[in-house]
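Text of run-v4.csv, listed as CSV, C-alpha atoms:
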chain,number,residue,atom,x,y,z
A,1,MET,CA,0.0,0.0,0.0
A,2,GLY,CA,2.8,2.4,-0.9
A,3,ASP,CA,4.3,4.5,1.8
A,4,HIS,CA,1.2,4.6,3.9
A,5,SER,CA,0.5,3.0,7.2
A,6,TYR,CA,-2.9,1.9,8.3
A,7,ALA,CA,-4.3,1.4,11.8
A,8,CYS,CA,-7.7,0.3,13.0
A,9,LEU,CA,-8.9,1.2,16.5
A,10,ALA,CA,-12.4,0.4,17.7
A,11,PHE,CA,-14.5,1.2,20.7
A,12,LYS,CA,-18.1,0.9,21.8
A,13,SER,CA,-20.3,3.9,21.9
A,14,ASP,CA,-24.0,4.6,22.3
A,15,GLN,CA,-23.7,7.9,20.4
A,16,ASP,CA,-25.1,7.9,16.9
A,17,ASN,CA,-25.0,10.5,14.1
A,18,LEU,CA,-21.9,12.4,15.3
A,19,THR,CA,-20.2,15.0,13.1
A,20,SER,CA,-16.7,14.3,12.0
A,21,GLU,CA,-15.3,16.7,14.5
A,22,LYS,CA,-17.3,15.2,17.4
A,23,ARG,CA,-16.2,11.6,16.3
A,24,GLN,CA,-12.6,12.8,16.5
A,25,LEU,CA,-13.1,14.2,20.0
A,26,VAL,CA,-14.8,11.0,21.2
A,27,PHE,CA,-12.0,9.0,19.6
A,28,GLU,CA,-9.3,11.1,21.3
A,29,GLU,CA,-11.0,10.8,24.6
A,30,LYS,CA,-11.2,7.0,24.4
A,31,PHE,CA,-7.6,6.5,23.3
A,32,ARG,CA,-5.5,9.4,24.5
A,33,ASN,CA,-4.2,7.7,27.7
A,34,LEU,CA,-3.0,4.5,26.1
A,35,GLY,CA,0.7,3.7,25.5
A,36,TRP,CA,2.4,2.1,22.6
A,37,GLU,CA,1.9,4.0,19.3
A,38,VAL,CA,-1.7,5.1,20.1
A,39,PRO,CA,-0.8,8.7,21.1
A,40,ARG,CA,0.9,9.1,17.7
A,41,PHE,CA,-2.2,7.7,16.0
A,42,VAL,CA,-4.4,10.2,17.7
A,43,SER,CA,-2.1,13.0,16.8
A,44,GLU,CA,-1.9,12.0,13.2
A,45,MET,CA,-5.6,11.6,13.0
A,46,LYS,CA,-6.1,15.2,14.0
A,47,SER,CA,-3.9,16.5,11.1
A,48,SER,CA,-5.0,13.9,8.5
A,49,GLU,CA,-7.4,14.7,5.7
A,50,SER,CA,-8.0,11.0,5.1
A,51,CYS,CA,-9.0,9.8,8.5
A,52,TYR,CA,-12.0,7.5,8.1
A,53,PHE,CA,-14.6,6.6,10.7
A,54,ASN,CA,-17.2,3.8,10.4
A,55,THR,CA,-19.8,2.2,12.4
A,56,ILE,CA,-19.9,-1.5,13.2
A,57,ALA,CA,-23.5,-2.4,13.5
A,58,GLN,CA,-25.9,-5.3,13.1
A,59,VAL,CA,-29.5,-5.5,12.0
A,60,ARG,CA,-31.7,-8.0,13.9
A,61,MET,CA,-35.3,-8.3,12.8
A,62,ALA,CA,-38.0,-10.7,13.9
A,63,LYS,CA,-39.3,-11.0,10.3
A,64,TRP,CA,-37.7,-10.2,7.0
A,65,SER,CA,-40.8,-9.8,4.9
A,66,LYS,CA,-44.2,-8.1,4.9
A,67,GLY,CA,-46.8,-8.4,2.3
A,68,GLY,CA,-45.2,-8.6,-1.1
A,69,VAL,CA,-41.8,-7.3,0.0
A,70,ALA,CA,-38.8,-9.3,1.4
A,71,LEU,CA,-35.5,-8.0,2.6
A,72,VAL,CA,-32.2,-9.6,1.7
A,73,GLY,CA,-28.6,-9.0,2.9
A,74,ASP,CA,-27.8,-6.0,5.1
A,75,ALA,CA,-31.3,-4.7,4.9
A,76,ALA,CA,-32.5,-7.8,6.6
A,77,HIS,CA,-29.6,-9.0,8.8
A,78,ALA,CA,-26.3,-7.0,8.5
A,79,ALA,CA,-23.4,-8.8,10.1
A,80,SER,CA,-19.9,-7.4,9.8
A,81,GLY,CA,-17.4,-9.8,8.3
A,82,MET,CA,-20.1,-12.1,6.7
A,83,GLY,CA,-22.4,-9.5,5.2
A,84,THR,CA,-21.6,-10.3,1.5
A,85,SER,CA,-21.9,-14.1,2.1
A,86,LEU,CA,-25.2,-13.7,3.9
A,87,ALA,CA,-26.5,-11.4,1.1
A,88,ILE,CA,-25.5,-13.8,-1.7
A,89,VAL,CA,-26.8,-16.9,0.0
A,90,GLY,CA,-30.0,-15.0,1.0
A,91,ALA,CA,-30.7,-13.9,-2.5
A,92,TYR,CA,-30.0,-17.4,-3.9
A,93,VAL,CA,-32.4,-19.0,-1.4
A,94,LEU,CA,-35.0,-16.4,-1.9
A,95,ALA,CA,-34.9,-16.8,-5.7
A,96,LYS,CA,-35.2,-20.6,-5.3
A,97,GLU,CA,-38.1,-20.3,-2.9
A,98,ILE,CA,-40.0,-17.8,-5.2
A,99,GLU,CA,-39.5,-20.3,-8.0
A,100,ARG,CA,-40.8,-23.2,-5.9
A,101,GLY,CA,-43.7,-21.1,-4.5
A,102,GLY,CA,-45.3,-20.8,-7.9
A,103,GLY,CA,-46.5,-17.3,-7.3
A,104,ASP,CA,-47.3,-17.7,-3.6
A,105,TYR,CA,-44.9,-15.0,-2.2
A,106,SER,CA,-46.1,-15.5,1.4
A,107,LEU,CA,-45.1,-19.1,1.2
A,108,ALA,CA,-41.8,-18.3,-0.6
A,109,PHE,CA,-40.9,-15.7,2.0
A,110,GLU,CA,-41.7,-17.9,4.9
A,111,ARG,CA,-39.6,-20.8,3.5
A,112,TYR,CA,-36.7,-18.4,2.6
A,113,GLU,CA,-36.6,-17.1,6.2
A,114,SER,CA,-36.9,-20.5,7.9
A,115,ARG,CA,-34.2,-21.9,5.6
A,116,ILE,CA,-31.5,-19.4,6.4
A,117,ARG,CA,-32.5,-17.9,9.8
A,118,ASP,CA,-30.2,-20.3,11.7
A,119,PHE,CA,-27.3,-19.6,9.2
A,120,VAL,CA,-27.8,-15.9,9.6
A,121,GLU,CA,-27.9,-16.0,13.4
A,122,LYS,CA,-24.7,-18.0,13.5
A,123,GLY,CA,-23.1,-15.4,11.3
A,124,GLN,CA,-24.3,-12.6,13.6
A,125,GLU,CA,-23.0,-14.5,16.7
A,126,LEU,CA,-19.6,-14.8,15.1
A,127,ALA,CA,-19.6,-11.1,14.2
A,128,ASP,CA,-20.6,-10.3,17.8
A,129,SER,CA,-17.7,-12.3,19.2
A,130,ASN,CA,-15.3,-10.5,16.9
A,131,HIS,CA,-16.7,-7.2,17.9
A,132,GLN,CA,-16.1,-8.1,21.6
A,133,LEU,CA,-12.4,-8.6,20.7
A,134,LEU,CA,-12.1,-5.5,18.6
A,135,ALA,CA,-14.2,-2.9,20.4
A,136,SER,CA,-13.5,-2.0,24.0
A,137,ASP,CA,-16.1,-0.9,26.3
A,138,GLY,CA,-14.0,2.2,27.0
A,139,SER,CA,-12.0,0.7,29.9
A,140,SER,CA,-8.5,2.1,29.6
A,141,MET,CA,-7.1,-0.8,31.6
A,142,LYS,CA,-8.6,-3.3,29.2
A,143,MET,CA,-7.3,-1.5,26.2
A,144,MET,CA,-3.8,-1.2,27.7
A,145,ALA,CA,-3.8,-4.9,28.5
A,146,GLN,CA,-4.8,-5.7,24.9
A,147,LEU,CA,-2.0,-3.5,23.6
A,148,TYR,CA,0.5,-5.0,25.9
A,149,LEU,CA,-0.4,-8.5,24.9
A,150,MET,CA,0.0,-7.5,21.2
A,151,LYS,CA,3.6,-6.6,22.0
A,152,VAL,CA,4.6,-9.6,24.2
A,153,LEU,CA,2.7,-12.6,22.8
A,154,PRO,CA,4.8,-14.8,20.6
A,155,ARG,CA,4.0,-14.5,16.9
A,156,ARG,CA,3.0,-18.2,16.7
A,157,PHE,CA,0.4,-17.7,19.4
A,158,ILE,CA,-1.1,-14.7,17.5
A,159,GLN,CA,-1.1,-16.8,14.3
A,160,TYR,CA,-2.8,-19.6,16.2
A,161,ILE,CA,-5.6,-17.2,17.4
A,162,THR,CA,-5.9,-15.8,13.9
A,163,GLU,CA,-6.2,-19.3,12.3
A,164,ARG,CA,-8.8,-20.3,15.0
A,165,GLY,CA,-10.9,-17.3,14.0
A,166,ARG,CA,-10.6,-18.3,10.3
A,167,LYS,CA,-11.8,-21.8,11.1
A,168,GLN,CA,-14.8,-20.4,13.0
A,169,MET,CA,-15.6,-18.3,10.0
A,170,ARG,CA,-15.3,-21.2,7.6
A,171,ARG,CA,-17.5,-23.4,9.8
A,172,VAL,CA,-20.2,-20.8,9.9
A,173,ALA,CA,-19.9,-19.9,6.2
A,174,ASN,CA,-20.2,-23.6,5.2
A,175,GLY,CA,-23.1,-24.2,7.6
A,176,LEU,CA,-25.7,-24.1,4.9
A,177,VAL,CA,-25.8,-26.5,2.0
A,178,LEU,CA,-27.4,-24.9,-1.1
A,179,GLU,CA,-29.2,-26.9,-3.8
A,180,SER,CA,-27.9,-26.3,-7.3
A,181,GLU,CA,-30.5,-27.9,-9.5
A,182,GLY,CA,-32.9,-25.6,-11.3
A,183,PHE,CA,-30.4,-22.7,-11.7

Write-out of the structure in structure tokens:
Amino acid sequence: MGDHSYACLAFKSDQDNLTSEKRQLVFEEKFRNLGWEVPRFVSEMKSSESCYFNTIAQVRMAKWSKGGVALVGDAAHAASGMGTSLAIVGAYVLAKEIERGGGDYSLAFERYESRIRDFVEKGQELADSNHQLLASDGSSMKMMAQLYLMKVLPRRFIQYITERGRKQMRRVANGLVLESEGF
């Protein structure tokens, strides 16, 4: 990525719809007392024109359809880290169930939802567990402990944890078998 360095820092917040300036203030407040390279990150953020903030969020709905409308993907069940997979699988299953329903959209929507609900919920649970690792509740002690562990843990242990996460992702992603006939 050229001569650029990238960093990702995450925290939990109940505040929505903040201006860019307010986000930077909240960010600085959350991270200013940490050691390692974090004070430099905060300082660079203030002078950077390319600092990017995003929200990690999930959509959880009791029902994904109403009348003749069904929601798919992030509109129905956003889950960070698996959103694209859930959207593609959801669209495929919905199309299949519409075809099977022979014009009965209510039946098709009900089958679509019952068929992938468990798959989606497992994807959301995996995203939740990843968020717990990435986003601190604001406790400076917890964040400092995480930063310290990043510095002292052997590389092999970090690789082990990373591979374990990948295996969990694969297990969830492969948790639904799709039918291929008819398409």

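When atom CA of Asn54 of chain A is paired with atom CA of Arg117 of chain A, their separation reads 26.6 Å.
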
Could you give me, as a compact mmCIF listing (two decimals) with C-alpha atoms, keeping the file's coordinate frame, the residues within 9 Å of Arg60 of chain A, counting only C-alpha atoms and dropping anything in the same chain fewer than 2 positions from it?
# COMPACT_ATOMS: atom_id res chain seq x y z
CA GLN A 58 -25.90 -5.30 13.10
CA ALA A 62 -38.00 -10.70 13.90
CA LYS A 63 -39.30 -11.00 10.30
CA ALA A 76 -32.50 -7.80 6.60
CA HIS A 77 -29.60 -9.00 8.80
CA ALA A 78 -26.30 -7.00 8.50
CA GLU A 121 -27.90 -16.00 13.40
CA GLN A 124 -24.30 -12.60 13.60

(Q) When you count only C-alpha atoms, which of these residues is closest to Val89 of chain A: A:Glu49, A:Asp104, A:Asp14, A:Glu179? (A)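 Of A:Glu49, A:Asp104, A:Asp14, A:Glu179, the one nearest Val89 of chain A, counting only C-alpha atoms, is A:Glu179.
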
Among the residues A:Pro39, A:Gly90, A:Gly175, A:Gly101, the one that comes closest to Val72 of chain A [using only C-alpha atoms]
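Looking at the shortest contact to Val72 of chain A, the residue is A:Gly90.
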
re atom CA of Met45 of chain A and atom CA of Ala127 of chain A: distance 26.7 Å

- Can you work out the spacing between atom CA of Glu97 of chain A and atom CA of Glu113 of chain A in Å, to one decimal?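 These two atoms are separated by 9.8 Å.
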
* Excluding segment 41-44 of chain A and any residue of its chain fewer than 5 positions from it, enumerate the residues within 9 Å of it, using all atoms listed in the file, and give them as a list in words. =>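 Contacts, with the query itself left out: Ala7, Gln24, Phe27, Glu28, Phe31, Arg32 and Cys51 of chain A.
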
Next on the checklist: Under the rule that only C-alpha atoms are counted, which of A:Lys46, A:Arg111, A:Lys30, A:Arg23 is the nearest residue to Trp64 of chain A?
Outcome noted: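 Of A:Lys46, A:Arg111, A:Lys30, A:Arg23, the one nearest Trp64 of chain A is A:Arg111, counting only C-alpha atoms.
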
Would you list the residues near (-37.4, -17.1, 2.9), meaning any protein, DNA or RNA residue with an atom at most 10 Å from that point in file coordinates, counting only C-alpha atoms, as an mmCIF file with C-alpha atoms, keeping the file's coordinate frame?
data_model
loop_
_atom_site.group_PDB
_atom_site.id
_atom_site.type_symbol
_atom_site.label_atom_id
_atom_site.label_comp_id
_atom_site.auth_asym_id
_atom_site.auth_seq_id
_atom_site.Cartn_x
_atom_site.Cartn_y
_atom_site.Cartn_z
ATOM 1 C CA LYS A 63 -39.300 -11.000 10.300
ATOM 2 C CA TRP A 64 -37.700 -10.200 7.000
ATOM 3 C CA SER A 65 -40.800 -9.800 4.900
ATOM 4 C CA ALA A 70 -38.800 -9.300 1.400
ATOM 5 C CA LEU A 71 -35.500 -8.000 2.600
ATOM 6 C CA VAL A 72 -32.200 -9.600 1.700
ATOM 7 C CA GLY A 90 -30.000 -15.000 1.000
ATOM 8 C CA ALA A 91 -30.700 -13.900 -2.500
ATOM 9 C CA VAL A 93 -32.400 -19.000 -1.400
ATOM 10 C CA LEU A 94 -35.000 -16.400 -1.900
ATOM 11 C CA ALA A 95 -34.900 -16.800 -5.700
ATOM 12 C CA LYS A 96 -35.200 -20.600 -5.300
ATOM 13 C CA GLU A 97 -38.100 -20.300 -2.900
ATOM 14 C CA ILE A 98 -40.000 -17.800 -5.200
ATOM 15 C CA TYR A 105 -44.900 -15.000 -2.200
ATOM 16 C CA SER A 106 -46.100 -15.500 1.400
ATOM 17 C CA LEU A 107 -45.100 -19.100 1.200
ATOM 18 C CA ALA A 108 -41.800 -18.300 -0.600
ATOM 19 C CA PHE A 109 -40.900 -15.700 2.000
ATOM 20 C CA GLU A 110 -41.700 -17.900 4.900
ATOM 21 C CA ARG A 111 -39.600 -20.800 3.500
ATOM 22 C CA TYR A 112 -36.700 -18.400 2.600
ATOM 23 C CA GLU A 113 -36.600 -17.100 6.200
ATOM 24 C CA SER A 114 -36.900 -20.500 7.900
ATOM 25 C CA ARG A 115 -34.200 -21.900 5.600
ATOM 26 C CA ILE A 116 -31.500 -19.400 6.400
ATOM 27 C CA ARG A 117 -32.500 -17.900 9.800
#

Q. Please, which residues are within 12 Å of (-22.1, -14.9, 2.6) by the file's coordinates, counting all atoms listed in the file, and could they come as a PyMOL selection string?
A. chain A and resi 72-74+77-93+116+119-120+122-124+169-170+172-176+178
